[in-house]
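**Student:** What follows is the file final_12.csv, containing CSV, C-alpha atoms and all ligand atoms:
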chain,number,residue,atom,x,y,z
J,1,MET,CA,-58.4,107.8,88.3
J,2,LYS,CA,-59.0,111.1,86.4
J,3,VAL,CA,-60.5,110.9,82.9
J,4,PHE,CA,-60.4,113.5,80.1
J,5,ASP,CA,-62.9,112.5,77.4
J,6,VAL,CA,-62.0,114.3,74.2
J,7,HIS,CA,-64.9,113.2,72.0
J,8,VAL,CA,-68.4,113.9,73.3
J,9,HIS,CA,-71.1,115.0,70.9
J,10,PHE,CA,-73.6,117.5,72.4
J,11,GLY,CA,-77.1,116.0,72.4
J,12,TRP,CA,-79.2,113.0,72.9
J,13,TRP,CA,-77.8,110.1,70.9
J,14,GLU,CA,-81.0,109.2,69.0
J,15,SER,CA,-81.3,112.7,67.6
J,16,LEU,CA,-77.7,114.0,67.3
J,17,GLY,CA,-77.5,117.2,65.4
J,18,GLU,CA,-81.2,118.0,65.7
J,19,LYS,CA,-82.8,120.8,67.6
J,20,ASP,CA,-84.6,118.7,70.1
J,21,SER,CA,-81.5,116.8,71.1
J,22,ILE,CA,-80.3,119.7,73.2
J,23,ASP,CA,-83.0,119.9,75.9
J,24,GLY,CA,-81.9,118.7,79.3
J,25,TRP,CA,-78.9,116.9,77.9
J,26,LEU,CA,-76.2,119.0,79.6
J,27,ASP,CA,-77.4,118.2,83.1
J,28,GLU,CA,-77.4,114.5,82.3
J,29,LEU,CA,-73.8,114.8,80.9
J,30,VAL,CA,-72.6,116.2,84.3
J,31,ARG,CA,-74.3,113.4,86.1
J,32,ALA,CA,-72.9,110.7,83.8
J,33,CYS,CA,-69.4,112.1,83.9
J,34,GLU,CA,-69.4,112.2,87.7
J,35,GLU,CA,-70.4,108.5,87.7
J,36,ALA,CA,-67.7,107.6,85.2
J,37,GLY,CA,-64.9,109.7,86.7
J,38,ILE,CA,-64.7,112.0,83.8
J,39,VAL,CA,-63.4,115.4,85.0
J,40,LYS,CA,-62.9,117.1,81.6
J,41,VAL,CA,-64.8,116.9,78.4
J,42,GLY,CA,-64.0,117.9,74.8
J,43,LEU,CA,-67.6,118.8,73.8
J,44,LEU,CA,-68.4,118.9,70.1
J,45,GLY,CA,-71.0,121.1,68.5
J,46,TRP,CA,-72.4,121.2,65.0
J,47,SER,CA,-73.0,124.2,62.7
J,48,THR,CA,-74.7,127.1,64.3
J,49,LEU,CA,-77.3,125.6,66.8
J,50,GLY,CA,-75.0,123.0,68.2
J,51,ASN,CA,-72.0,125.3,68.5
J,52,ASP,CA,-74.2,127.8,70.3
J,53,ALA,CA,-75.2,125.1,72.8
J,54,VAL,CA,-71.6,124.3,73.4
J,55,ALA,CA,-70.8,128.0,73.9
J,56,ARG,CA,-73.4,128.1,76.6
J,57,ALA,CA,-72.0,125.0,78.2
J,58,ILE,CA,-68.5,126.5,78.2
J,59,GLU,CA,-69.8,129.5,80.2
J,60,LYS,CA,-71.7,127.3,82.6
J,61,TYR,CA,-68.9,124.8,83.3
J,62,PRO,CA,-65.5,126.4,82.8
J,63,GLY,CA,-62.7,123.9,83.5
J,64,PHE,CA,-65.0,121.0,82.8
J,65,ILE,CA,-66.2,121.7,79.3
J,66,TYR,CA,-63.7,122.4,76.5
J,67,GLY,CA,-65.6,123.5,73.5
J,68,MET,CA,-64.9,122.1,70.0
J,69,ALA,CA,-66.6,124.1,67.3
J,70,MET,CA,-67.7,122.1,64.3
J,71,ILE,CA,-66.8,124.0,61.1
J,72,ASP,CA,-68.0,123.1,57.6
J,73,MET,CA,-64.8,123.9,55.6
J,74,ASP,CA,-66.8,123.8,52.3
J,75,GLU,CA,-69.4,126.4,53.4
J,76,GLU,CA,-67.6,128.6,55.9
J,77,SER,CA,-64.7,130.9,55.9
J,78,PRO,CA,-61.4,130.4,57.7
J,79,ARG,CA,-62.3,133.6,59.6
J,80,MET,CA,-64.7,131.5,61.6
J,81,VAL,CA,-61.8,129.9,63.4
J,82,ASN,CA,-60.9,133.3,64.9
J,83,GLU,CA,-64.6,133.9,65.8
J,84,TYR,CA,-64.9,130.6,67.6
J,85,HIS,CA,-61.6,131.3,69.4
J,86,GLN,CA,-63.0,134.7,70.6
J,87,ARG,CA,-66.1,133.0,71.8
J,88,GLY,CA,-64.1,130.8,74.1
J,89,PHE,CA,-63.9,127.6,72.1
J,90,THR,CA,-60.7,125.5,72.8
J,91,GLY,CA,-60.6,123.8,69.4
J,92,LEU,CA,-62.3,122.6,66.3
J,93,LYS,CA,-64.1,119.4,65.1
J,94,LEU,CA,-63.9,118.5,61.4
J,95,ILE,CA,-65.8,115.9,59.5
J,96,SER,CA,-67.2,115.1,56.0
J,97,PRO,CA,-65.2,117.5,53.8
J,98,ALA,CA,-66.0,117.5,50.1
J,99,LEU,CA,-62.2,117.4,49.3
J,100,ASN,CA,-59.5,115.4,51.0
J,101,TYR,CA,-58.6,116.8,54.5
J,102,ASP,CA,-55.1,117.7,53.1
J,103,ASP,CA,-56.4,119.7,50.1
J,104,PRO,CA,-54.7,123.1,50.0
J,105,ALA,CA,-58.2,124.7,49.8
J,106,TYR,CA,-58.4,124.0,53.6
J,107,TYR,CA,-55.0,125.3,54.6
J,108,GLY,CA,-56.4,128.6,55.8
J,109,PHE,CA,-58.3,126.8,58.5
J,110,TYR,CA,-55.3,124.9,59.6
J,111,GLN,CA,-53.0,127.9,59.6
J,112,ARG,CA,-55.3,129.8,61.8
J,113,ALA,CA,-55.9,127.0,64.2
J,114,GLU,CA,-52.1,126.5,64.4
J,115,SER,CA,-51.4,130.1,65.2
J,116,LEU,CA,-54.3,130.3,67.8
J,117,ARG,CA,-53.1,127.0,69.4
J,118,MET,CA,-56.5,125.4,68.8
J,119,PRO,CA,-56.4,121.6,68.6
J,120,ILE,CA,-58.4,120.0,65.8
J,121,LEU,CA,-60.3,116.7,66.3
J,122,PHE,CA,-60.6,115.1,62.8
J,123,HIS,CA,-63.0,112.2,62.2
J,124,THR,CA,-60.9,109.6,60.5
J,125,GLY,CA,-61.9,106.5,58.7
J,126,ILE,CA,-65.3,105.2,57.7
J,127,ILE,CA,-68.2,107.3,58.7
J,128,GLY,CA,-71.2,105.6,60.3
J,129,GLY,CA,-74.7,105.6,58.9
J,130,PRO,CA,-78.2,105.3,60.3
J,131,ILE,CA,-78.3,101.5,59.9
J,132,ASP,CA,-75.7,99.1,61.2
J,133,TYR,CA,-75.3,96.3,58.7
J,134,LEU,CA,-72.8,94.4,60.9
J,135,MET,CA,-74.3,94.6,64.4
J,136,GLY,CA,-77.9,95.4,63.4
J,137,GLY,CA,-80.0,96.6,66.3
J,138,GLU,CA,-77.9,94.9,68.9
J,139,GLU,CA,-76.6,98.2,70.4
J,140,ASP,CA,-79.4,100.5,69.5
J,141,GLU,CA,-82.8,99.5,68.2
J,142,TRP,CA,-82.9,102.3,65.7
J,143,LYS,CA,-79.8,100.8,63.9
J,144,ALA,CA,-81.7,97.6,63.1
J,145,ILE,CA,-81.8,96.5,59.4
J,146,PRO,CA,-85.0,97.6,57.7
J,147,VAL,CA,-86.7,95.5,55.0
J,148,GLY,CA,-89.2,96.1,52.2
J,149,GLU,CA,-90.9,99.4,52.2
J,150,ALA,CA,-88.9,100.6,55.2
J,151,GLU,CA,-85.7,99.9,53.3
J,152,GLU,CA,-87.0,101.8,50.2
J,153,LYS,CA,-87.8,104.8,52.5
J,154,LEU,CA,-84.3,104.7,54.0
J,155,VAL,CA,-82.5,104.9,50.7
J,156,GLN,CA,-84.9,107.5,49.4
J,157,GLY,CA,-84.1,109.6,52.5
J,158,LEU,CA,-80.4,109.2,52.0
J,159,LYS,CA,-80.7,110.2,48.3
J,160,ASP,CA,-82.7,113.3,49.2
J,161,GLN,CA,-80.1,114.3,51.8
J,162,ILE,CA,-77.0,113.8,49.6
J,163,THR,CA,-78.3,115.7,46.6
J,164,MET,CA,-78.3,118.8,48.9
J,165,LYS,CA,-74.6,118.4,49.7
J,166,PRO,CA,-71.5,119.4,47.7
J,167,TYR,CA,-70.2,116.6,45.5
J,168,GLY,CA,-67.4,114.5,47.0
J,169,LYS,CA,-68.7,113.7,50.5
J,170,SER,CA,-67.3,110.3,51.5
J,171,SER,CA,-65.3,108.4,54.0
J,172,ALA,CA,-62.6,108.4,51.4
J,173,ARG,CA,-61.9,112.1,52.1
J,174,MET,CA,-61.0,111.4,55.8
J,175,GLN,CA,-58.2,108.8,55.7
J,176,PRO,CA,-55.6,109.1,58.4
J,177,ILE,CA,-52.8,109.4,55.8
J,178,TYR,CA,-54.1,113.0,55.0
J,179,LEU,CA,-53.2,114.0,58.5
J,180,ASP,CA,-49.6,113.3,57.6
J,181,THR,CA,-49.7,116.2,55.0
J,182,ILE,CA,-51.3,118.5,57.5
J,183,ALA,CA,-48.8,117.6,60.3
J,184,THR,CA,-45.9,118.2,57.9
J,185,TYR,CA,-47.1,121.7,56.9
J,186,PHE,CA,-48.5,122.7,60.3
J,187,PRO,CA,-46.1,121.1,62.7
J,188,LYS,CA,-47.2,123.2,65.7
J,189,LEU,CA,-50.9,122.3,65.2
J,190,TYR,CA,-52.2,119.8,67.8
J,191,MET,CA,-54.3,117.1,66.0
J,192,ILE,CA,-56.4,114.2,67.1
J,193,GLY,CA,-57.6,111.7,64.6
J,194,ALA,CA,-60.7,109.9,65.8
J,195,HIS,CA,-61.1,106.1,66.0
J,196,LEU,CA,-57.4,105.3,65.4
J,197,GLY,CA,-58.2,105.7,61.7
J,198,TRP,CA,-60.8,102.9,61.6
J,199,PRO,CA,-60.2,100.5,59.8
J,200,ASP,CA,-56.8,101.9,58.6
J,201,TYR,CA,-55.2,101.4,62.0
J,202,ILE,CA,-51.7,100.6,60.7
J,203,THR,CA,-51.5,103.8,58.7
J,204,ALA,CA,-52.7,105.8,61.7
J,205,CYS,CA,-50.1,104.3,63.9
J,206,ALA,CA,-47.3,104.8,61.4
J,207,VAL,CA,-48.1,108.4,60.8
J,208,ALA,CA,-48.4,109.1,64.6
J,209,ARG,CA,-44.9,107.5,65.0
J,210,TRP,CA,-43.2,110.3,63.1
J,211,ARG,CA,-45.3,113.5,63.6
J,212,PRO,CA,-44.9,115.2,66.9
J,213,ARG,CA,-48.3,116.6,67.6
J,214,LEU,CA,-50.5,114.0,66.0
J,215,PHE,CA,-52.6,111.9,68.4
J,216,PHE,CA,-55.4,109.4,67.9
J,217,ASP,CA,-58.4,108.7,70.0
J,218,ILE,CA,-59.7,105.2,70.8
J,219,SER,CA,-63.4,105.7,70.4
J,220,GLY,CA,-65.6,103.9,68.0
J,221,GLY,CA,-67.6,101.4,70.0
J,222,ASP,CA,-67.1,97.7,70.5
J,223,VAL,CA,-65.9,96.8,67.0
J,224,VAL,CA,-63.1,99.4,67.0
J,225,GLN,CA,-62.2,98.4,70.6
J,226,ARG,CA,-62.0,94.8,69.5
J,227,HIS,CA,-59.8,95.7,66.5
J,228,ILE,CA,-57.4,97.7,68.7
J,229,LEU,CA,-57.1,95.0,71.3
J,230,GLU,CA,-56.9,92.0,69.0
J,231,GLY,CA,-54.5,93.8,66.7
J,232,ARG,CA,-52.3,94.5,69.8
J,233,TYR,CA,-51.4,97.9,68.3
J,234,ILE,CA,-50.9,99.7,71.6
J,235,GLY,CA,-47.2,99.4,72.6
J,236,ARG,CA,-46.1,97.7,69.5
J,237,GLU,CA,-47.4,100.1,66.7
J,238,ILE,CA,-48.3,103.1,68.7
J,239,ARG,CA,-47.1,104.2,72.2
J,240,PRO,CA,-49.6,105.2,74.9
J,241,ASP,CA,-48.1,108.7,74.6
J,242,LYS,CA,-49.9,109.1,71.3
J,243,LEU,CA,-53.4,108.0,72.3
J,244,VAL,CA,-56.2,109.7,74.1
J,245,TYR,CA,-59.3,108.3,75.7
J,246,ALA,CA,-62.6,109.2,74.0
J,247,SER,CA,-66.1,107.8,74.4
J,248,ASP,CA,-68.1,109.1,71.4
J,249,CYS,CA,-71.0,107.1,72.7
J,250,ASP,CA,-74.4,107.4,74.3
J,251,LEU,CA,-74.3,108.8,77.9
J,252,ARG,CA,-75.9,105.6,79.1
J,253,ARG,CA,-72.8,103.7,78.1
J,254,LEU,CA,-70.2,106.2,79.4
J,255,LYS,CA,-69.2,104.5,82.6
J,256,ASP,CA,-69.0,101.0,81.1
J,257,ASN,CA,-66.9,102.5,78.3
J,258,VAL,CA,-64.3,103.9,80.7
J,259,LEU,CA,-64.4,100.7,82.8
J,260,GLY,CA,-64.0,98.5,79.7
J,261,TRP,CA,-60.9,100.3,78.6
J,262,LYS,CA,-59.5,100.3,82.1
J,263,ARG,CA,-60.0,96.6,82.3
J,264,ALA,CA,-58.4,96.0,78.9
J,265,PHE,CA,-55.4,98.1,79.8
J,266,ASP,CA,-55.0,96.2,83.1
J,267,GLU,CA,-55.2,92.9,81.2
J,268,MET,CA,-52.5,93.9,78.8
J,269,GLY,CA,-50.3,94.8,81.7
J,270,MET,CA,-50.1,98.5,81.0
J,271,SER,CA,-48.4,100.6,83.7
J,272,ALA,CA,-50.5,103.0,85.8
J,273,GLU,CA,-48.3,105.8,84.3
J,274,ASP,CA,-49.2,104.9,80.7
J,275,GLN,CA,-52.8,104.5,81.6
J,276,GLU,CA,-52.8,108.0,83.1
J,277,LYS,CA,-51.4,109.3,79.9
J,278,ILE,CA,-54.2,107.8,77.8
J,279,PHE,CA,-57.0,108.6,80.2
J,280,TYR,CA,-55.9,112.2,81.1
J,281,GLY,CA,-52.3,113.4,80.6
J,282,ASN,CA,-52.0,113.4,76.8
J,283,ALA,CA,-55.4,115.2,76.3
J,284,ALA,CA,-54.5,117.7,79.0
J,285,ARG,CA,-51.4,118.6,76.9
J,286,VAL,CA,-53.3,118.7,73.6
J,287,PHE,CA,-55.9,120.9,75.1
J,288,GLY,CA,-53.4,123.2,76.8
J,289,VAL,CA,-54.5,122.3,80.3
J,290,GLU,CA,-51.8,122.5,82.9
J,291,ALA,CA,-51.0,119.5,85.1
J,292,ALA,CA,-51.8,121.5,88.2
J,293,GLU,CA,-55.5,121.7,87.2
J,301,ZN,ZN,-67.9,111.3,66.9
Could you render the structure from this file as structure tokens?

**Tutor:**
Amino acid sequence: MKVFDVHVHFGWWESLGEKDSIDGWLDELVRACEEAGIVKVGLLGWSTLGNDAVARAIEKYPGFIYGMAMIDMDEESPRMVNEYHQRGFTGLKLISPALNYDDPAYYGFYQRAESLRMPILFHTGIIGGPIDYLMGGEEDEWKAIPVGEAEEKLVQGLKDQITMKPYGKSSARMQPIYLDTIATYFPKLYMIGAHLGWPDYITACAVARWRPRLFFDISGGDVVQRHILEGRYIGREIRPDKLVYASDCDLRRLKDNVLGWKRAFDEMGMSAEDQEKIFYGNAARVFGVEAAE
């Protein structure tokens, strides 16, 4: 089974987005993908440093790495879309805008991406934080719930960070319904909403039903996977044709993640043909990769 993973963040999980998360990570990605049967990766950067690291990865592994440049639409110009295209990036990754995704202030980015045939991966739904108040430290120790002084330090750190950002940053800006507006005005643009809109799955499914080039990925960890499976959305609310496999997890969990979904698809009686679409075919189409590859 061939797998196209459309949602991989460059860097070691514990220090994502930081300078020291880059070292040695790419070699480990290649190894982990081999083990998991992943033959193509949508690799996401972050402003400047992370996108540069992705650019180097594209050069090193053409046909394996498909670069997704992260653009900050509040700080950068739509011209950057052309620049990343020239640098060999396949698409864009968007997250945490200060205005709703469908605000006309952002149309310049979408218009350019549409005309350059660059797919956009949008984070949709609730954005995670440093501490997991549902699962605690079950998955990763550093997500454990702090108490006392450590808790005070946590919120002070969050306060210091947020005062540096433009007002408006919130999960509320990234609802799947906003992709409906964008799909309506930019119908040729290929879009992937991440995490099936978590937790607004029904809206995500309903929008995907009527917009030709809007897809959703199934990443988001155990909780999102449980929602998708227990909600029985696949097949009833959204066809496999509109879903793409994505891991968005630590490399250590990559293989189990692929196998877990494979097992779930088998258990729900999904045909091999539909599984192929979710694991590879749909993403290949979104990313403009020919079937022959
Ligand atoms: Zn992600």

**Student:** Using all atoms listed in the file, find the one residue out of J:His9, J:Lys60, J:Arg213, J:Lys242 that sits nearest to ligand ZN 301 (chain J).

**Tutor:**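 Of all the options, J:His9 lies closest to ligand ZN 301 (chain J).
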
**Student:** If you count all atoms listed in the file, which residues end up within 9 Å of ligand ZN 301 (chain J), as a PyMOL selection string?

**Tutor:** chain J and resi 7-9+44+95+123+194-195+219-220+247-249

**Student:** Which is closer to Pro240 in chain J than all the others in J:Asp222, J:Asp52, J:Glu276, J:Glu14, using all atoms listed in the file?

**Tutor:** J:Glu276

**Student:** Expressed in Å to a single decimal, how great is the separation between CA of Thr163 in chain J and CA of Ala150 in chain J?

**Tutor:** 20.4 Å

**Student:** Could you list, as a list in words, every residue within 10 Å of range 16-22 of chain J, counting all atoms listed in the file and ignoring same-chain residues fewer than 4 positions away?

**Tutor:** His9, Phe10, Gly11, Trp12, Leu26, Gly45, Trp46, Ser47, Leu49, Gly50, Ala53 and Val54 of chain J

**Student:** Expressed in Å to a single decimal, how great is the separation between CA of Gly193 in chain J and CA of Leu179 in chain J?

**Tutor:**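 Separating CA of Gly193 in chain J from CA of Leu179 in chain J is a distance of 7.9 Å.
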
**Student:** In Å, with one decimal, what is the gap from CA of Pro199 in chain J to CA of Gln161 in chain J?

**Tutor:**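 It comes out at 25.5 Å.
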
**Student:** Can you tell me, as a ChimeraX atom specification, what residues are no more than 12 Å from Asp217 in chain J when counting only C-alpha atoms, ignoring any on the same chain fewer than 2 positions away?

**Tutor:** /J:4-8,42,121-124,176,191-198,201,204-205,208,214-215,219-221,224-225,228,234,238,240-248,278-280,282-283,286

**Student:** Nearest to Glu35 in chain J among J:Met135, J:Val3, J:Val207, J:Ile65, with distances taken over all atoms listed in the file: which residue is it?

**Tutor:**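 Ranked by minimum distance to Glu35 in chain J, first place goes to J:Val3.
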
**Student:** Would you mind telling me which residue in J:Asp160, J:Pro166, J:Lys255, J:Asp102 lies nearest to Thr184 in chain J when using all atoms listed in the file?

**Tutor:**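 Of the candidates, the smallest distance to Thr184 in chain J is held by J:Asp102.
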